[in-house]
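Participant: Structure file work18.txt, compact mmCIF, C-alpha atoms, is pasted below:
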# COMPACT_ATOMS: atom_id res chain seq x y z
CA MET A 1 13.61 -7.59 29.04
CA THR A 2 13.70 -10.94 27.25
CA ALA A 3 9.92 -10.89 27.20
CA THR A 4 9.89 -7.79 25.02
CA GLU A 5 12.97 -8.59 22.95
CA PHE A 6 11.10 -11.16 20.92
CA ALA A 7 7.51 -10.70 19.89
CA LEU A 8 7.28 -14.34 18.93
CA ARG A 9 9.28 -17.46 19.66
CA THR A 10 8.47 -20.94 18.53
CA ASP A 11 10.41 -24.05 19.41
CA GLY A 12 10.02 -27.24 17.40
CA VAL A 13 6.44 -26.42 16.56
CA GLY A 14 4.48 -28.87 14.46
CA LYS A 15 0.83 -29.20 13.60
CA ARG A 16 -0.74 -32.39 12.36
CA TYR A 17 -4.17 -32.58 10.81
CA ARG A 18 -5.88 -35.80 9.89
CA ARG A 19 -4.39 -35.65 6.39
CA GLY A 20 -0.85 -35.15 7.64
CA TRP A 21 1.62 -32.57 8.89
CA ALA A 22 0.81 -28.99 7.90
CA LEU A 23 3.79 -27.63 9.79
CA ARG A 24 6.91 -29.38 11.06
CA ASP A 25 9.83 -28.52 13.27
CA CYS A 26 9.29 -24.79 13.15
CA THR A 27 11.73 -22.84 15.32
CA LEU A 28 11.66 -19.07 15.09
CA ALA A 29 12.66 -16.02 17.12
CA LEU A 30 11.13 -12.85 15.72
CA PRO A 31 12.19 -9.48 17.11
CA ALA A 32 9.74 -7.01 18.60
CA GLY A 33 9.14 -3.74 16.80
CA GLY A 34 9.68 -5.11 13.32
CA VAL A 35 7.55 -5.93 10.35
CA ILE A 36 7.85 -9.62 9.59
CA ALA A 37 6.74 -11.21 6.35
CA LEU A 38 5.82 -14.87 6.26
CA VAL A 39 6.06 -15.96 2.66
CA GLY A 40 5.48 -19.20 0.84
CA PRO A 41 3.26 -20.75 -1.80
CA ASN A 42 -0.35 -21.67 -1.13
CA GLY A 43 -0.49 -24.71 1.13
CA ALA A 44 2.94 -24.08 2.65
CA GLY A 45 1.50 -23.84 6.17
CA LYS A 46 1.34 -20.06 6.55
CA THR A 47 -2.23 -19.87 7.83
CA THR A 48 -1.62 -22.78 10.19
CA LEU A 49 1.39 -21.00 11.68
CA LEU A 50 -0.53 -17.73 12.09
CA ARG A 51 -3.45 -19.52 13.75
CA LEU A 52 -1.03 -21.18 16.16
CA VAL A 53 0.42 -17.75 16.98
CA VAL A 54 -2.92 -16.21 17.86
CA GLY A 55 -4.07 -19.27 19.80
CA LEU A 56 -6.83 -20.40 17.43
CA LEU A 57 -5.01 -23.71 17.06
CA ALA A 58 -2.96 -25.71 19.53
CA PRO A 59 0.37 -27.15 18.36
CA SER A 60 0.78 -30.93 18.07
CA THR A 61 4.44 -30.57 19.08
CA GLY A 62 6.61 -27.80 20.48
CA THR A 63 5.81 -24.46 22.09
CA VAL A 64 4.64 -21.07 20.89
CA GLU A 65 5.55 -18.05 22.98
CA VAL A 66 3.94 -14.72 22.14
CA LEU A 67 5.10 -11.53 23.88
CA GLY A 68 6.82 -13.70 26.45
CA HIS A 69 3.82 -15.89 27.26
CA ASP A 70 3.03 -19.45 26.26
CA VAL A 71 0.06 -19.20 23.93
CA THR A 72 -1.63 -22.40 25.11
CA ALA A 73 -1.86 -20.87 28.59
CA SER A 74 -3.01 -17.48 27.35
CA THR A 75 -5.43 -15.38 29.36
CA PRO A 76 -7.82 -12.68 28.10
CA GLN A 77 -5.20 -10.15 29.23
CA THR A 78 -2.46 -11.59 27.05
CA LEU A 79 -4.86 -12.17 24.17
CA SER A 80 -5.91 -8.52 24.31
CA ARG A 81 -2.36 -7.62 23.31
CA VAL A 82 -2.61 -9.58 20.07
CA GLY A 83 -4.61 -8.43 17.07
CA PHE A 84 -5.58 -10.78 14.27
CA LEU A 85 -6.90 -9.97 10.84
CA ALA A 86 -8.03 -13.13 9.08
CA GLN A 87 -7.89 -13.67 5.35
CA ASP A 88 -10.29 -11.56 3.22
CA HIS A 89 -10.89 -9.09 6.07
CA PRO A 90 -14.11 -10.61 7.39
CA LEU A 91 -16.74 -8.13 8.60
CA TYR A 92 -20.39 -8.59 9.45
CA LYS A 93 -21.68 -7.43 6.08
CA ARG A 94 -25.04 -6.20 7.40
CA PHE A 95 -23.54 -4.21 10.25
CA THR A 96 -22.90 -0.55 9.65
CA VAL A 97 -19.35 0.62 10.25
CA ALA A 98 -20.50 2.28 13.50
CA GLU A 99 -22.06 -1.03 14.63
CA MET A 100 -18.81 -2.84 13.84
CA LEU A 101 -16.98 -0.38 16.07
CA ARG A 102 -19.48 -0.88 18.89
CA PHE A 103 -19.09 -4.62 18.47
CA GLY A 104 -15.32 -4.23 18.68
CA ARG A 105 -15.60 -2.15 21.83
CA ALA A 106 -17.93 -4.67 23.47
CA CYS A 107 -15.71 -7.66 22.66
CA ASN A 108 -12.32 -6.31 23.65
CA LEU A 109 -10.68 -5.39 26.94
CA ARG A 110 -8.75 -2.63 25.22
CA PHE A 111 -10.44 -0.75 22.41
CA ASP A 112 -9.69 2.79 21.36
CA GLN A 113 -12.86 3.69 19.45
CA GLY A 114 -11.80 7.30 18.98
CA LEU A 115 -8.63 6.13 17.24
CA ALA A 116 -10.63 3.93 14.86
CA GLU A 117 -13.08 6.74 14.11
CA ARG A 118 -10.26 9.17 13.37
CA ARG A 119 -8.59 6.69 11.04
CA LEU A 120 -11.82 6.04 9.16
CA ALA A 121 -12.64 9.75 8.92
CA LYS A 122 -9.21 10.38 7.44
CA LEU A 123 -10.04 7.80 4.75
CA ASP A 124 -13.52 9.27 4.12
CA ILE A 125 -15.26 6.05 5.10
CA PRO A 126 -18.77 6.91 6.36
CA LEU A 127 -19.75 5.32 9.67
CA ASP A 128 -23.40 4.85 8.68
CA ARG A 129 -22.74 2.62 5.68
CA ARG A 130 -23.29 -1.13 5.88
CA ALA A 131 -19.98 -2.95 5.70
CA GLY A 132 -21.19 -5.09 2.79
CA THR A 133 -21.77 -2.03 0.59
CA LEU A 134 -18.20 -0.73 0.94
CA SER A 135 -15.55 -1.41 -1.69
CA GLY A 136 -13.04 -4.19 -1.06
CA GLY A 137 -10.35 -1.68 -0.20
CA GLN A 138 -12.64 0.15 2.24
CA GLN A 139 -13.66 -3.12 3.92
CA ALA A 140 -9.99 -3.94 4.37
CA GLN A 141 -9.43 -0.50 5.90
CA VAL A 142 -12.37 -0.94 8.32
CA ALA A 143 -11.03 -4.35 9.39
CA LEU A 144 -7.56 -2.86 9.86
CA ALA A 145 -8.94 0.08 11.86
CA LEU A 146 -10.77 -2.39 14.12
CA ALA A 147 -7.62 -4.46 14.64
CA LEU A 148 -5.51 -1.36 15.35
CA ALA A 149 -8.10 0.01 17.79
CA LYS A 150 -7.11 -2.81 20.14
CA ARG A 151 -3.71 -1.10 20.23
CA PRO A 152 -2.13 -4.55 19.94
CA ASP A 153 1.52 -5.21 20.72
CA LEU A 154 1.49 -7.88 18.03
CA LEU A 155 -0.68 -7.58 14.95
CA VAL A 156 -1.07 -10.72 12.86
CA LEU A 157 -2.49 -10.43 9.35
CA ASP A 158 -3.26 -13.35 7.04
CA GLU A 159 -2.77 -12.37 3.38
CA PRO A 160 -3.93 -8.79 4.06
CA VAL A 161 -3.37 -7.38 0.56
CA ALA A 162 -3.87 -10.45 -1.63
CA SER A 163 -7.40 -9.52 -2.68
CA LEU A 164 -6.82 -5.78 -3.11
CA ASP A 165 -6.19 -3.82 -6.30
CA PRO A 166 -2.83 -2.01 -6.53
CA LEU A 167 -4.17 1.34 -5.31
CA ALA A 168 -6.09 -0.16 -2.38
CA ARG A 169 -3.02 -2.23 -1.55
CA HIS A 170 -0.83 0.86 -1.43
CA GLU A 171 -3.34 2.70 0.76
CA PHE A 172 -3.66 -0.29 3.09
CA LEU A 173 0.12 -0.48 3.48
CA GLN A 174 0.34 3.28 4.03
CA VAL A 175 -1.99 2.98 7.01
CA LEU A 176 -0.29 -0.17 8.31
CA MET A 177 3.20 1.33 8.05
CA GLY A 178 1.94 4.57 9.61
CA ALA A 179 0.74 2.54 12.59
CA VAL A 180 4.16 0.92 12.90
CA ALA A 181 5.75 4.37 12.77
CA GLU A 182 3.67 5.40 15.77
CA GLY A 183 5.55 2.69 17.61
CA GLY A 184 4.79 -0.20 19.89
CA VAL A 185 3.40 -2.69 17.43
CA THR A 186 5.10 -5.68 15.86
CA VAL A 187 3.51 -6.79 12.60
CA LEU A 188 3.52 -10.34 11.31
CA PHE A 189 1.82 -10.86 7.98
CA SER A 190 1.64 -13.67 5.48
CA SER A 191 1.83 -13.27 1.75
CA HIS A 192 2.23 -15.42 -1.29
CA VAL A 193 3.20 -12.32 -3.25
CA VAL A 194 6.91 -11.69 -2.90
CA HIS A 195 6.97 -8.57 -5.06
CA GLU A 196 7.65 -5.36 -3.14
CA LEU A 197 8.24 -7.13 0.18
CA GLU A 198 11.45 -5.20 0.72
CA ARG A 199 9.52 -2.02 0.95
CA VAL A 200 7.43 -3.00 3.92
CA CYS A 201 9.23 -5.60 5.96
CA ASP A 202 12.53 -5.89 7.74
CA HIS A 203 12.35 -9.54 8.69
CA LEU A 204 11.56 -12.57 6.61
CA VAL A 205 10.34 -16.11 7.18
CA VAL A 206 10.14 -18.38 4.14
CA LEU A 207 7.90 -21.38 4.57
CA ASN A 208 7.74 -24.22 2.08
CA HIS A 209 6.13 -27.66 2.40
CA GLY A 210 5.41 -26.97 6.08
CA ARG A 211 9.01 -26.14 6.94
CA VAL A 212 10.97 -22.95 7.52
CA THR A 213 13.60 -22.78 4.77
CA LEU A 214 14.95 -19.29 5.41
CA THR A 215 14.56 -16.77 8.19
CA GLY A 216 16.37 -13.62 9.17
CA ASP A 217 16.78 -9.88 9.02
CA ILE A 218 16.33 -8.88 5.37
CA ASP A 219 19.32 -6.55 5.11
CA THR A 220 21.50 -9.25 6.61
CA LEU A 221 20.13 -11.89 4.26
CA LEU A 222 20.72 -9.65 1.25
CA ALA A 223 24.25 -8.88 2.40
CA GLU A 224 25.02 -12.58 2.92
CA HIS A 225 23.79 -13.69 -0.47
CA ARG A 226 25.07 -12.82 -3.89
CA LEU A 227 24.80 -13.86 -7.43
CA LEU A 228 28.03 -15.04 -9.01
CA VAL A 229 28.16 -15.12 -12.78
CA GLY A 230 31.08 -16.67 -14.62
CA PRO A 231 32.22 -19.14 -17.25
CA ARG A 232 30.54 -22.51 -17.07
CA THR A 233 32.18 -24.65 -14.47
CA ALA A 234 31.54 -27.44 -12.07
CA THR A 235 34.86 -27.35 -10.26
CA ASP A 236 35.15 -23.89 -8.76
CA LEU A 237 32.26 -24.35 -6.35
CA ASP A 238 34.42 -24.88 -3.26
CA ARG A 239 35.36 -21.23 -3.24
CA ALA A 240 31.80 -20.09 -3.47
CA GLY A 241 30.35 -20.67 -0.01
CA THR A 242 27.03 -22.43 0.31
CA VAL A 243 25.46 -22.74 -3.11
CA VAL A 244 21.75 -22.14 -2.83
CA GLU A 245 21.06 -22.51 -6.50
CA ALA A 246 23.17 -23.15 -9.58
CA VAL A 247 21.94 -22.44 -13.08
CA HIS A 248 24.06 -23.49 -16.03
CA SER A 249 23.75 -22.41 -19.61
CA ASP A 250 26.03 -23.57 -22.44
CA ARG A 251 28.86 -21.21 -21.64
CA HIS A 252 28.22 -19.66 -18.28
CA THR A 253 27.12 -20.48 -14.81
CA THR A 254 25.05 -18.45 -12.39
CA LEU A 255 25.37 -19.30 -8.72
CA LEU A 256 23.33 -17.95 -5.87
CA VAL A 257 25.62 -18.31 -2.87
CA ARG A 258 25.51 -17.55 0.80
CA ASP A 259 28.62 -16.23 2.56
CA GLY A 260 30.71 -16.81 -0.55
CA ALA A 261 33.70 -14.87 -1.84
CA ILE A 262 34.11 -14.18 -5.52
CA PRO A 263 36.02 -17.04 -7.14
CA ALA A 264 39.58 -16.10 -7.94
CA ALA A 265 39.26 -17.47 -11.47
CA PRO A 266 39.03 -14.79 -14.13
CA GLY A 267 35.71 -13.83 -15.59
CA TRP A 268 33.65 -14.06 -12.40
CA GLN A 269 31.42 -11.21 -11.35
CA ALA A 270 29.43 -10.77 -8.18
CA GLN A 271 26.07 -9.04 -8.13
CA PRO A 272 23.70 -8.28 -5.33
CA VAL A 273 20.58 -10.38 -5.40
CA ALA A 274 17.10 -8.89 -5.27
CA LEU A 275 14.91 -10.08 -2.42
CA GLU A 276 12.32 -11.47 -4.79
CA ASP A 277 14.92 -13.62 -6.56
CA LEU A 278 16.32 -14.76 -3.24
CA VAL A 279 12.93 -15.92 -2.00
CA LEU A 280 12.14 -17.66 -5.28
CA ALA A 281 15.46 -19.50 -5.22
CA TYR A 282 14.72 -20.85 -1.74
CA LEU A 283 11.20 -21.83 -2.77
CA ARG A 284 12.57 -23.75 -5.75
CA ARG A 285 14.83 -25.87 -3.55
CA PRO A 286 13.70 -29.43 -3.02
CA SER A 287 11.73 -29.98 0.18
CA GLU A 288 13.36 -31.18 3.39
CA PRO A 289 16.93 -30.30 2.42
CA SER A 290 18.30 -31.08 5.87
CA ALA A 291 16.71 -34.52 5.89
CA ALA A 292 18.03 -35.16 2.39
CA VAL A 293 21.56 -34.32 3.47
CA THR A 294 21.61 -36.40 6.63
CA SER A 295 20.14 -39.44 4.97
CA GLY A 296 22.61 -39.15 2.14
CA VAL A 297 19.94 -38.99 -0.52
CA ALA A 298 21.02 -36.60 -3.25
CA ALA A 299 18.26 -35.27 -5.46
CA MET B 1 10.25 19.60 0.81
CA PHE B 2 12.48 16.80 -0.43
CA VAL B 3 10.57 13.88 -1.93
CA PHE B 4 11.96 10.36 -1.84
CA ARG B 5 11.37 7.76 -4.52
CA LEU B 6 11.66 4.01 -4.35
CA ASP B 7 12.73 1.75 -7.19
CA THR B 8 11.67 -1.76 -6.28
CA HIS B 9 13.48 -3.35 -9.21
CA SER B 10 16.94 -1.91 -8.68
CA GLY B 11 18.21 -4.56 -6.27
CA VAL B 12 19.55 -1.76 -4.07
CA PRO B 13 18.21 -2.07 -0.51
CA PRO B 14 15.51 0.56 0.14
CA TYR B 15 17.38 2.23 3.00
CA LEU B 16 20.41 2.65 0.77
CA GLN B 17 18.26 4.13 -1.98
CA LEU B 18 17.09 6.83 0.43
CA VAL B 19 20.65 7.58 1.52
CA GLN B 20 21.86 7.72 -2.07
CA GLN B 21 19.08 10.10 -3.07
CA VAL B 22 20.03 12.56 -0.35
CA ARG B 23 23.73 12.19 -1.11
CA GLN B 24 23.09 12.86 -4.77
CA ALA B 25 20.74 15.78 -4.11
CA VAL B 26 23.35 17.38 -1.86
CA LEU B 27 26.04 16.81 -4.46
CA LEU B 28 23.93 18.38 -7.17
CA GLY B 29 22.76 21.25 -4.97
CA PHE B 30 19.07 20.26 -4.88
CA LEU B 31 19.46 20.00 -1.12
CA GLN B 32 21.31 22.77 0.63
CA PRO B 33 22.68 23.18 4.16
CA GLY B 34 19.85 23.87 6.59
CA ASP B 35 17.17 22.23 4.46
CA ARG B 36 14.86 20.00 6.47
CA LEU B 37 14.24 16.40 5.38
CA PRO B 38 10.69 15.06 5.74
CA LEU B 39 9.84 13.43 9.06
CA ILE B 40 10.20 9.66 9.16
CA ARG B 41 6.45 9.43 9.59
CA GLU B 42 5.89 11.52 6.44
CA VAL B 43 8.19 9.34 4.34
CA VAL B 44 6.50 6.22 5.70
CA GLU B 45 3.00 7.35 4.83
CA ASP B 46 4.04 8.74 1.48
CA LEU B 47 5.90 5.67 0.20
CA ALA B 48 4.06 2.98 2.23
CA ILE B 49 7.47 1.93 3.46
CA ASN B 50 8.69 0.26 6.64
CA PRO B 51 9.53 2.93 9.28
CA ASN B 52 12.57 0.97 10.45
CA THR B 53 13.97 1.29 6.93
CA VAL B 54 13.58 5.07 6.95
CA ALA B 55 15.02 5.29 10.47
CA LYS B 56 17.99 3.22 9.35
CA ALA B 57 18.57 5.51 6.37
CA TYR B 58 18.43 8.60 8.58
CA ARG B 59 20.83 7.01 11.08
CA GLN B 60 23.27 6.20 8.30
CA MET B 61 23.07 9.77 6.96
CA GLU B 62 23.80 11.10 10.44
CA GLN B 63 26.79 8.79 10.74
CA GLU B 64 28.05 10.06 7.41
CA ASN B 65 27.64 13.59 8.76
CA LEU B 66 25.33 14.33 5.87
CA VAL B 67 22.50 15.45 8.14
CA THR B 68 21.83 16.20 11.77
CA GLY B 69 18.73 15.13 13.65
CA ARG B 70 17.44 17.67 16.17
CA PRO B 71 14.96 16.13 18.58
CA GLY B 72 11.53 17.67 18.22
CA GLN B 73 12.53 19.72 15.19
CA GLY B 74 13.50 17.34 12.45
CA THR B 75 16.48 16.32 10.40
CA PHE B 76 18.55 18.99 8.67
CA VAL B 77 21.15 18.93 5.93
CA ASN B 78 24.62 19.77 7.22
CA GLU B 79 27.15 22.21 5.91
CA GLN B 80 29.30 19.89 3.77
CA GLN B 81 33.04 20.18 4.23
CA SER B 82 35.42 18.79 1.68
CA ALA B 83 32.97 16.10 0.58
CA VAL B 84 31.32 18.37 -1.95
CA MET B 85 33.39 18.53 -5.08
CA SER B 86 34.22 21.83 -6.58
CA ALA B 87 32.21 23.04 -9.51
CA SER B 88 35.22 22.75 -11.81
CA THR B 89 35.92 19.12 -10.78
CA TYR B 90 32.28 18.30 -11.32
CA THR B 91 32.24 19.91 -14.77
CA SER B 92 35.45 18.24 -15.83
CA LEU B 93 34.36 14.76 -14.64
CA ARG B 94 31.05 15.23 -16.35
CA ARG B 95 32.68 16.32 -19.57
CA GLY B 96 35.04 13.33 -19.48
CA LEU B 97 32.15 10.93 -19.03
CA ALA B 98 30.18 12.56 -21.84
CA THR B 99 33.16 12.20 -24.16
CA TRP B 100 33.54 8.55 -23.20
CA LEU B 101 29.83 7.92 -23.76
CA ARG B 102 29.91 9.50 -27.21
CA ARG B 103 32.84 7.25 -28.14
CA ALA B 104 30.98 4.20 -26.83
CA TYR B 105 27.85 5.04 -28.85
CA ALA B 106 29.97 5.79 -31.91
CA ALA B 107 31.51 2.34 -31.50
CA GLY B 108 28.02 0.86 -31.73
CA LEU B 109 27.30 0.11 -28.06
CA ASP B 110 23.71 0.49 -26.90
CA ASP B 111 22.56 1.55 -23.42
CA GLN B 112 22.64 -1.97 -22.06
CA ALA B 113 26.12 -2.63 -23.35
CA VAL B 114 27.29 0.68 -21.88
CA ASN B 115 25.79 -0.25 -18.51
CA ALA B 116 27.31 -3.73 -18.57
CA LEU B 117 30.73 -2.32 -19.42
CA PHE B 118 30.49 0.37 -16.74
CA THR B 119 29.34 -2.12 -14.07
CA SER B 120 32.08 -4.55 -14.94
CA VAL B 121 34.87 -1.94 -14.83
CA HIS B 122 33.38 -0.32 -11.75
CA GLN B 123 33.34 -3.61 -9.84
CA GLN B 124 36.80 -4.54 -11.00
CA THR B 125 38.23 -1.19 -9.96
CA ARG B 126 36.54 -1.39 -6.59
CA ASN B 127 37.81 -4.92 -6.00
CA GLU B 128 41.34 -3.88 -6.91
CA ASP B 129 41.13 -1.04 -4.42
CA VAL B 130 39.99 -3.41 -1.71
CA ALA B 131 42.62 -6.05 -2.41
Here is the file; what I need is its structure written in the form of structure tokens.
Facilitator:
Amino acid sequence: MTATEFALRTDGVGKRYRRGWALRDCTLALPAGGVIALVGPNGAGKTTLLRLVVGLLAPSTGTVEVLGHDVTASTPQTLSRVGFLAQDHPLYKRFTVAEMLRFGRACNLRFDQGLAERRLAKLDIPLDRRAGTLSGGQQAQVALALALAKRPDLLVLDEPVASLDPLARHEFLQVLMGAVAEGGVTVLFSSHVVHELERVCDHLVVLNHGRVTLTGDIDTLLAEHRLLVGPRTATDLDRAGTVVEAVHSDRHTTLLVRDGAIPAAPGWQAQPVALEDLVLAYLRRPSEPSAAVTSGVAA
Amino acid sequence: MFVFRLDTHSGVPPYLQLVQQVRQAVLLGFLQPGDRLPLIREVVEDLAINPNTVAKAYRQMEQENLVTGRPGQGTFVNEQQSAVMSASTYTSLRRGLATWLRRAYAAGLDDQAVNALFTSVHQQTRNEDVA
């Protein structure tokens, strides 16, 4: 049961390249059946983490457990349960779509070609076209159809919609969410775009400077955080829970707090915080907050 | 068939938006007892939205006795008991609000000021009720 409860668990995972640490001390437990967004600015370590998850990289420290199995000891059988769509949806540009499907069938233990063909027919993507002559949105759909044809238990996508126009992005997410609705697949995708995340994911991992700064169920995170607006003050903070971010103007103060009650002082109002603002506030925090606190170095 | 919308700038969690839309449609009579809501799958593919979000909204509506899910058939709007306000209450509340709005505009408030005032009083009233 524990094997299926979490699609992904990492414990103290770090990855060091020659130029330094790309990822440090990453401990996560991501539930199965959800859609998990991994967000952070470029260079935050998102791609490194995803490559560790699918076994393309080995961690320098810690362990990565996917679908209950240690990734470094993964067999073709366990790998066949994980789908991976790399950045920019790479296809063999000179292959026709039909040849891509044949290639997929030949290279995978599990491959439901009929499923892929039905998906592509529904999108009016002709099988006899060379992949390189399709539009960007269609190429993304072909790559997604290939990944879904594996019927993976965990589907990992690296910046799947970053290069797509708004319409293609919507269509891509329609298909992806439809696949989740069919059941059985956990989706983990990275994005540096935080707009509209709420719509598609239920779990969030914020990565910044190679460290996890926030992780959790999105509804829970939104319920825990709120924006307090009141007269400018520096003294009432003790009533306000953990202050994630404080912004002062001449006369009033805006606090983003976690687990905080509304200050009893008059003039304070609490507002829910939008997910986008929440993510941005965490990304604006100085790096290595825990280290800064323990070493007594205040920014 | 009922069509859901999603406002990604409202700050209201998506699942709650779905619940509120059904609640409001029932209140205003756009949805009537026995009407079928779209399947979760249909909402997902229409809005490109997370299925767990839609499932959560439907669960919440069932808990509120707003709808009933029948396995294999779909989700149907329930006969509402006392929750639906009477037509006269609705008309009178609406008239009161319209009067208040006209006074606010006459006093020089614009839409934003009206919203700010409403939100502030609304929150204060709710907090007083909780305390």
Participant: Rounded to one decimal place, report the CA of Gly43 (chain A)-CA of Thr72 (chain A) distance in Å.
Facilitator: 24.1 Å
Participant: Return as a list in words the residues belonging to chain A that are within 6 Å of chain B, counting all atoms listed in the file.
Facilitator: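 That gives Leu173, Gln174, Met177, Gly178, Ala181, Arg199, Val200, Cys201 and Ala274 of chain A for chain A.
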Participant: Taking C-alpha atoms for each residue, export the selection above as a PDB file, keeping the file's coordinate frame.
Facilitator:
ATOM      1  CA  LEU A 173       0.120  -0.480   3.480  1.00  0.00           C
ATOM      2  CA  GLN A 174       0.340   3.280   4.030  1.00  0.00           C
ATOM      3  CA  MET A 177       3.200   1.330   8.050  1.00  0.00           C
ATOM      4  CA  GLY A 178       1.940   4.570   9.610  1.00  0.00           C
ATOM      5  CA  ALA A 181       5.750   4.370  12.770  1.00  0.00           C
ATOM      6  CA  ARG A 199       9.520  -2.020   0.950  1.00  0.00           C
ATOM      7  CA  VAL A 200       7.430  -3.000   3.920  1.00  0.00           C
ATOM      8  CA  CYS A 201       9.230  -5.600   5.960  1.00  0.00           C
ATOM      9  CA  ALA A 274      17.100  -8.890  -5.270  1.00  0.00           C
TER      10      ALA A 274
END
Participant: Hey, can you check how far CA of Ser88 (chain B) sits from CA of Gln21 (chain B)?
Facilitator: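 According to the coordinates, CA of Ser88 (chain B) and CA of Gln21 (chain B) are separated by 22.3 Å.
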Participant: Find, counting all atoms listed in the file, the residue in A:Thr186, A:His195, A:Asp202, A:Leu278 that gets nearest to Glu224 (chain A).
Facilitator: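 Among the listed residues, the smallest separation from Glu224 (chain A) belongs to A:Leu278.
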Participant: Around the point (15.3, 18.7, 0.9) in the file's coordinates, collect all residues with an atom within 6 Å, using all atoms listed in the file, and return them as a list of chain:residue names.
Facilitator: B:Met1, B:Phe2, B:Leu31, B:Asp35, B:Arg36, B:Leu37
Participant: To one decimal in Å, tell me the separation between CA of Ala145 (chain A) and CA of Asp165 (chain A).
Facilitator: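 For CA of Ala145 (chain A) relative to CA of Asp165 (chain A), the distance reads 18.8 Å.
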Participant: May I have the protein, DNA and RNA residues with an atom at most 10 Å from (27.7, -15.9, 0.9), counting all atoms listed in the file in the file's coordinates, returned as a ChimeraX atom specification?
Facilitator: /A:221-228,240-244,256-262
Participant: Env of Tyr282 (chain A): 9 Å cut, atoms = all atoms listed in the file, seq-sep filter 4 positions within chain, self excluded. Answer as a list of chain:residue names.
Facilitator: A:Val206, A:Asn208, A:Thr213, A:Leu214, A:Val244, A:Glu245, A:Asp277, A:Leu278, A:Pro286
Participant: Which of these, B:Tyr58, B:Ser86, B:Ala98, B:Ser92, has the shortest distance to Val19 (chain B) once you count all atoms listed in the file?
Facilitator: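 Closest candidate: B:Tyr58.
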Participant: Using all atoms listed in the file, can you tell me which of A:Asp11, A:Asp25, A:Glu182, A:Glu99 comes closest to Asp153 (chain A)?
Facilitator: A:Glu182
Participant: Here is a test: counting all atoms listed in the file, which residue of A:Ser249, A:Ser191, A:Thr133, A:Thr233 is nearest to Gly40 (chain A)?
Facilitator: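 Distance minimum relative to Gly40 (chain A) lands on A:Ser191.
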